[in-house]
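Down below is the structure, laid out as structure tokens.
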Amino acid sequence: MKRLLRGSVVLAVAGGFLSCSGDPTSDFREPAGIVASPTAVFINVGETKPVIAALQDDQGNQIAADFEVSFGPGINVVADPTYLNTTAGVHIQNQVRFQVTASAIANSSLTLTAGGKTLVVPVRVTPAAIDIAISNSAPAICDTITLTAPAGVLFTDESEVTFAGGPPGDIVSLSPDRTILTVVPGPNTAGVVTISHTTVSYDETLDFTVTSNATVTKPALTEVAGVFSNQAPALGQAVTLTLPAGVRVVPESLLADSGLVVEGAMNPAAIVLSADSSTITFVPAPNSDSVLTIHGVIPDCLPQFPQILSTTLKVTTPVIDSIGVVFSNTTPAVLQAITVTAPAGFTFAPDVGFSWGGNAAIINSVAAGGGSANITPLPGANGHASVSNVIVNAAPQFKLTLPAKAEVTVPAVVPLEGTDDPATAPEIVVPGAGGTVITNDAGTFDYSAPIFGGAFGNFPARLYKIVVTGTITLTTKVDWPTGQDLGVYWFNADGVGEPAFGNPADAGGPGAHPETATSTVPAGTYLLAVVNFGTGNPPVFQLTLSR
């Protein structure tokens, strides 16, 4: 036990000063004990922490006194001469401060003595950055190393080892006395060693994470210097990548989704891994022009350390950046179907799509073999279509999305106003004998129509005014491109009562379109209601009156 006597001359001056100016009864009060803050010190190796102490009477008042301190192994304790001193070197309070510095792992203590009283302050020194003995600080790629704990530190069955810069180490064994870990560091390790779930011999209930002062550096494995059978293959041509000697891949990682990636292009197709996992055969997609990123790359000697690495060389395939489709009509009317023909060397997949600014056309049919498609562009379609799910015949494994070279323009449809009220319903002029009038409309269905006297409830509708000057026969037709269920119904001008000639039965059936019905209409003013029985609003619908 080391001993330290706090300077008696200095504290004697302090005592005299306080007796004269602060407490004239100080010399007559009996010491009751020593108090310290903190009451126990928890400190890491290399740290310094203060302990403040005072001698007190039985009333809790401080008494000036000289302090003597002694301390155990693993720590060093020194008095702090700067604590609560005046510029004249006189203490202004009856306290002293000691600085405790930890030098080694220990279950130690310091003992304070003053005024015939003694106080023991426990000091628990725990590890932090410590001198772990490393058997080889620069191991080869497949080498195993040992980590030996300094005195007082113990590893556990739950210990985990990580190396700066690399993956967690693979623990091979723990010595019977729990002081030595045998570990395989992973590649790319370059820095200190961190070991979690360590403990100390003096109290194994404690659990720490420690870091070594020394470092470990292992050769880097950051890329794959493989060789391609062809770096510039034709479309659909298979390429074989031969991995470097001593390197292979984990099949489950490579063959999983996105296990082989060409940066900036579609993932390769038709991936085949050799039996010894040393060569990869694949078909790169069109527009490839980059290195390959490979999942599950491992050195032969370190199969426990799979990595995601890129090749040093790249693969380049022909660029396909547009498609020369032919539209049968580049300026179709609203809801007019057109035919799109694929150019030579291309076909349309059954799920082909045509979109203008995110406004997708209706696909009516795709020809057998994918040579053409019949579509209905929606109103407002303008410019170059984005054609999705295009197959390049030379590389049918891939479906591309390409802009069409030709442009298409379809008139926009602006929703008519006033369709939510019988008094403001827009008028559709009745065609002459043998004539037809087409009205394109869109928008929300905001009128509550009591069709068939409201027997089935009211349904959302849009209203249109019809003025008939003499008895005529009118055929109504409504068509729309999406999945709603629309119908057309006659109302008197008030939008509530139904005319004497009544409403024809639903001529198309639920959801079928177009819906068509014929009625003999006497002279008068009427409302036609386009009723929506479905969910959501169609992007456009077409109401046709024929006479």
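Starting from 1 in every chain, residues are counted up; chains themselves are A, B, ... following the order of the structure tokens, and ligands are numbered from 1 as listed.
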
To test your reading of the structure, identify every residue in segment 75-283 of chain A that backbone DSSP assigns to strand (DSSP E or B), and report it as a PyMOL selection string. chain A and resi 75-79+85+91+96-102+106-114+117-126+129-130+133-134+145-148+153-154+160-163+170-174+180-184+190-200+203-217+223-224+227-228+239-242+247-249+260-262+269-273+279-283

Save the residues we just selected, C-alpha atoms, as a compact mmCIF listing (two decimals), in the first residue's frame?
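Result file follows (again08.txt):
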```
# COMPACT_ATOMS: atom_id res chain seq x y z
CA ILE A 75 -3.94 3.18 -9.25
CA ASN A 76 -1.94 6.25 -8.30
CA VAL A 77 -3.31 9.06 -6.12
CA VAL A 78 -1.93 12.61 -5.86
CA ALA A 79 -3.16 15.66 -4.00
CA ASN A 85 -6.75 27.99 -3.05
CA HIS A 91 -7.55 27.28 1.37
CA VAL A 96 -9.20 18.52 -0.21
CA ARG A 97 -9.15 16.98 -3.69
CA PHE A 98 -7.15 13.97 -4.82
CA GLN A 99 -6.66 12.89 -8.44
CA VAL A 100 -6.96 9.14 -8.98
CA THR A 101 -5.23 7.72 -12.08
CA ALA A 102 -5.74 4.10 -13.15
CA ALA A 106 -7.64 -3.89 -10.42
CA ASN A 107 -10.14 -4.13 -7.60
CA SER A 108 -8.40 -1.45 -5.56
CA SER A 109 -9.13 1.30 -3.04
CA LEU A 110 -7.77 4.45 -1.46
CA THR A 111 -7.77 5.11 2.29
CA LEU A 112 -8.21 8.63 3.69
CA THR A 113 -7.08 9.47 7.25
CA ALA A 114 -7.63 12.77 9.11
CA LYS A 117 -10.76 9.09 11.42
CA THR A 118 -10.41 6.78 8.40
CA LEU A 119 -12.48 6.27 5.24
CA VAL A 120 -11.91 3.60 2.57
CA VAL A 121 -13.06 4.55 -0.97
CA PRO A 122 -13.36 1.52 -3.30
CA VAL A 123 -11.78 1.93 -6.74
CA ARG A 124 -12.79 -0.42 -9.55
CA VAL A 125 -10.44 -0.21 -12.53
CA THR A 126 -11.96 -1.59 -15.72
CA ALA A 129 -8.06 0.55 -24.71
CA ILE A 130 -5.64 -2.06 -23.48
CA ALA A 133 -0.94 -9.08 -27.29
CA ILE A 134 -1.41 -9.81 -31.01
CA ILE A 145 -3.74 -15.08 -35.15
CA THR A 146 -4.02 -15.16 -31.36
CA LEU A 147 -5.19 -12.34 -29.11
CA THR A 148 -3.88 -12.54 -25.54
CA VAL A 153 -8.96 -9.36 -18.37
CA LEU A 154 -10.90 -12.49 -19.35
CA GLU A 160 -17.10 -11.23 -30.48
CA VAL A 161 -14.09 -9.87 -32.35
CA THR A 162 -14.25 -7.08 -34.93
CA PHE A 163 -11.41 -5.58 -36.90
CA ASP A 170 -14.03 -15.79 -37.11
CA ILE A 171 -13.23 -17.14 -33.64
CA VAL A 172 -11.58 -20.55 -33.84
CA SER A 173 -11.09 -21.24 -30.13
CA LEU A 174 -10.92 -19.81 -26.61
CA ILE A 180 -6.37 -16.28 -25.41
CA LEU A 181 -8.64 -16.07 -28.43
CA THR A 182 -7.59 -17.75 -31.67
CA VAL A 183 -9.12 -15.78 -34.54
CA VAL A 184 -9.16 -15.64 -38.34
CA ALA A 190 -6.64 -2.35 -41.16
CA GLY A 191 -6.81 -1.02 -37.61
CA VAL A 192 -7.49 -1.79 -33.98
CA VAL A 193 -9.18 -4.91 -32.63
CA THR A 194 -12.40 -4.58 -30.64
CA ILE A 195 -13.62 -7.44 -28.42
CA SER A 196 -17.08 -7.34 -26.89
CA HIS A 197 -18.35 -9.35 -23.92
CA THR A 198 -15.10 -9.40 -21.98
CA THR A 199 -14.93 -9.39 -18.21
CA VAL A 200 -12.44 -8.91 -15.36
CA ASP A 203 -15.72 -9.50 -10.79
CA GLU A 204 -16.94 -11.71 -13.63
CA THR A 205 -20.43 -10.27 -13.47
CA LEU A 206 -19.11 -7.20 -15.28
CA ASP A 207 -19.32 -7.07 -19.08
CA PHE A 208 -17.07 -4.81 -21.16
CA THR A 209 -16.04 -4.02 -24.68
CA VAL A 210 -12.29 -3.48 -25.01
CA THR A 211 -10.14 -2.11 -27.82
CA SER A 212 -6.53 -2.94 -28.50
CA ASN A 213 -3.77 -0.38 -28.54
CA ALA A 214 -2.07 -2.31 -31.35
CA THR A 215 -3.47 -2.80 -34.85
CA VAL A 216 -3.93 -5.64 -37.34
CA THR A 217 -3.54 -5.22 -41.11
CA GLU A 223 -12.12 -6.14 -56.45
CA VAL A 224 -12.16 -9.17 -58.68
CA VAL A 227 -11.06 -12.42 -67.18
CA PHE A 228 -14.05 -12.18 -69.57
CA VAL A 239 -20.05 -14.31 -71.78
CA THR A 240 -17.93 -16.32 -69.33
CA LEU A 241 -16.09 -14.68 -66.44
CA THR A 242 -13.19 -16.71 -65.05
CA VAL A 247 -11.32 -16.92 -55.51
CA ARG A 248 -14.82 -18.31 -56.02
CA VAL A 249 -18.43 -17.40 -55.24
CA LEU A 260 -24.98 -10.40 -60.46
CA VAL A 261 -25.36 -6.76 -61.49
CA VAL A 262 -24.09 -4.64 -64.35
CA ALA A 269 -29.80 -13.24 -67.59
CA ALA A 270 -29.17 -16.96 -68.03
CA ILE A 271 -26.60 -17.07 -65.20
CA VAL A 272 -24.76 -20.39 -64.88
CA LEU A 273 -22.10 -21.11 -62.25
CA THR A 279 -16.49 -19.39 -63.57
CA ILE A 280 -19.72 -17.51 -64.24
CA THR A 281 -21.49 -17.64 -67.60
CA PHE A 282 -24.22 -15.08 -68.32
CA VAL A 283 -25.95 -13.08 -71.03
```

Running DSSP on the backbone, which parts of segment 216-357 of chain A land in alpha helix (DSSP H), as number ranges by chain? A: 251-254

Store the residues picked out above in a file with C-alpha atoms, as a PDB file, in the first residue's frame.
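Saved the output as out_19.pdb:
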```
ATOM      1  CA  PRO A 251     -23.860 -20.160 -55.334  1.00  0.00           C
ATOM      2  CA  GLU A 252     -26.794 -19.083 -53.169  1.00  0.00           C
ATOM      3  CA  SER A 253     -25.588 -15.474 -53.174  1.00  0.00           C
ATOM      4  CA  LEU A 254     -24.781 -15.283 -56.882  1.00  0.00           C
TER       5      LEU A 254
END
```

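Proximity to Leu292 of chain A at 9 Å, evaluated using only C-alpha atoms and with sequence-adjacent residues fewer than 4 positions away removed, yields Leu260, Val261, Val262, Glu263, Leu309, Ser310, Thr311, Thr312, Leu313, Lys314 and Val315 of chain A.
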
Prev. selection, N, CA and C atoms, output as an mmCIF file, in the first residue's frame:
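After the write, again_31.cif holds the following:
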```cif
data_model
loop_
_atom_site.group_PDB
_atom_site.id
_atom_site.type_symbol
_atom_site.label_atom_id
_atom_site.label_comp_id
_atom_site.auth_asym_id
_atom_site.auth_seq_id
_atom_site.Cartn_x
_atom_site.Cartn_y
_atom_site.Cartn_z
ATOM 1 N N LEU A 260 -25.952 -10.816 -59.447
ATOM 2 C CA LEU A 260 -24.978 -10.396 -60.456
ATOM 3 C C LEU A 260 -25.559 -9.151 -61.128
ATOM 4 N N VAL A 261 -24.823 -8.052 -61.054
ATOM 5 C CA VAL A 261 -25.355 -6.764 -61.485
ATOM 6 C C VAL A 261 -24.359 -6.096 -62.423
ATOM 7 N N VAL A 262 -24.876 -5.551 -63.513
ATOM 8 C CA VAL A 262 -24.091 -4.641 -64.345
ATOM 9 C C VAL A 262 -24.579 -3.241 -64.010
ATOM 10 N N GLU A 263 -23.713 -2.445 -63.414
ATOM 11 C CA GLU A 263 -24.130 -1.123 -62.960
ATOM 12 C C GLU A 263 -24.637 -0.292 -64.127
ATOM 13 N N LEU A 309 -18.215 -7.669 -54.415
ATOM 14 C CA LEU A 309 -17.078 -7.031 -55.078
ATOM 15 C C LEU A 309 -17.379 -6.823 -56.562
ATOM 16 N N SER A 310 -16.648 -5.898 -57.167
ATOM 17 C CA SER A 310 -16.807 -5.602 -58.590
ATOM 18 C C SER A 310 -15.580 -6.054 -59.365
ATOM 19 N N THR A 311 -15.814 -6.353 -60.630
ATOM 20 C CA THR A 311 -14.702 -6.760 -61.490
ATOM 21 C C THR A 311 -13.855 -5.540 -61.851
ATOM 22 N N THR A 312 -12.613 -5.810 -62.221
ATOM 23 C CA THR A 312 -11.744 -4.716 -62.673
ATOM 24 C C THR A 312 -12.026 -4.336 -64.116
ATOM 25 N N LEU A 313 -12.611 -5.251 -64.892
ATOM 26 C CA LEU A 313 -12.918 -4.998 -66.295
ATOM 27 C C LEU A 313 -14.425 -4.840 -66.478
ATOM 28 N N LYS A 314 -14.825 -4.209 -67.560
ATOM 29 C CA LYS A 314 -16.246 -4.013 -67.809
ATOM 30 C C LYS A 314 -16.701 -4.782 -69.051
ATOM 31 N N VAL A 315 -18.021 -4.890 -69.179
ATOM 32 C CA VAL A 315 -18.656 -5.530 -70.327
ATOM 33 C C VAL A 315 -19.487 -4.471 -71.051
#
```

Write out as JSON, numbers by chain each polymer residue whose atoms come within 10 Å of segment 363-371 of chain A, counting only C-alpha atoms; drop sequence neighbours fewer than 3 positions from it. {"A": [337, 338, 339, 340, 341, 342, 343, 344, 345, 346, 347, 348, 349, 350, 351, 352, 353, 354, 360, 374, 375, 376, 377, 390, 391, 481]}

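You will find atom CA of Ser277 of chain A at 28.5 Å from atom CA of Lys399 of chain A.
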
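Counting only C-alpha atoms, the residue from A:Asp276, A:Asp300, A:Glu407, A:Asp157 that sits nearest to Thr330 of chain A is A:Glu407.
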
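Residues in contact range of segment 441-445 of chain A, defined as at most 9 Å between only C-alpha atoms, with sequence neighbours fewer than 6 positions away removed, read Val413, Val414, Pro415, Leu416, Thr419, Asp420, Phe459, Pro460, Ala461, Arg462, Leu463, Val530, Val531, Asn532, Gly536, Asn537, Pro538, Pro539, Val540, Phe541, Gln542 and Leu543 of chain A.
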
Can you pull out every residue within 6 Å of Ala523 of chain A, counting only C-alpha atoms, but drop anything in the same chain fewer than 4 positions away, and send it as a ChimeraX atom specification? /A:468-471

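From atom CA of Ile294 of chain A back to atom CA of Ala238 of chain A, the distance works out to 16.9 Å.
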
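The smallest atom-to-atom distance between Val430 of chain A and any of A:Ala285, A:Ala245, A:Leu378, A:Val521, using only C-alpha atoms, is found for A:Val521.
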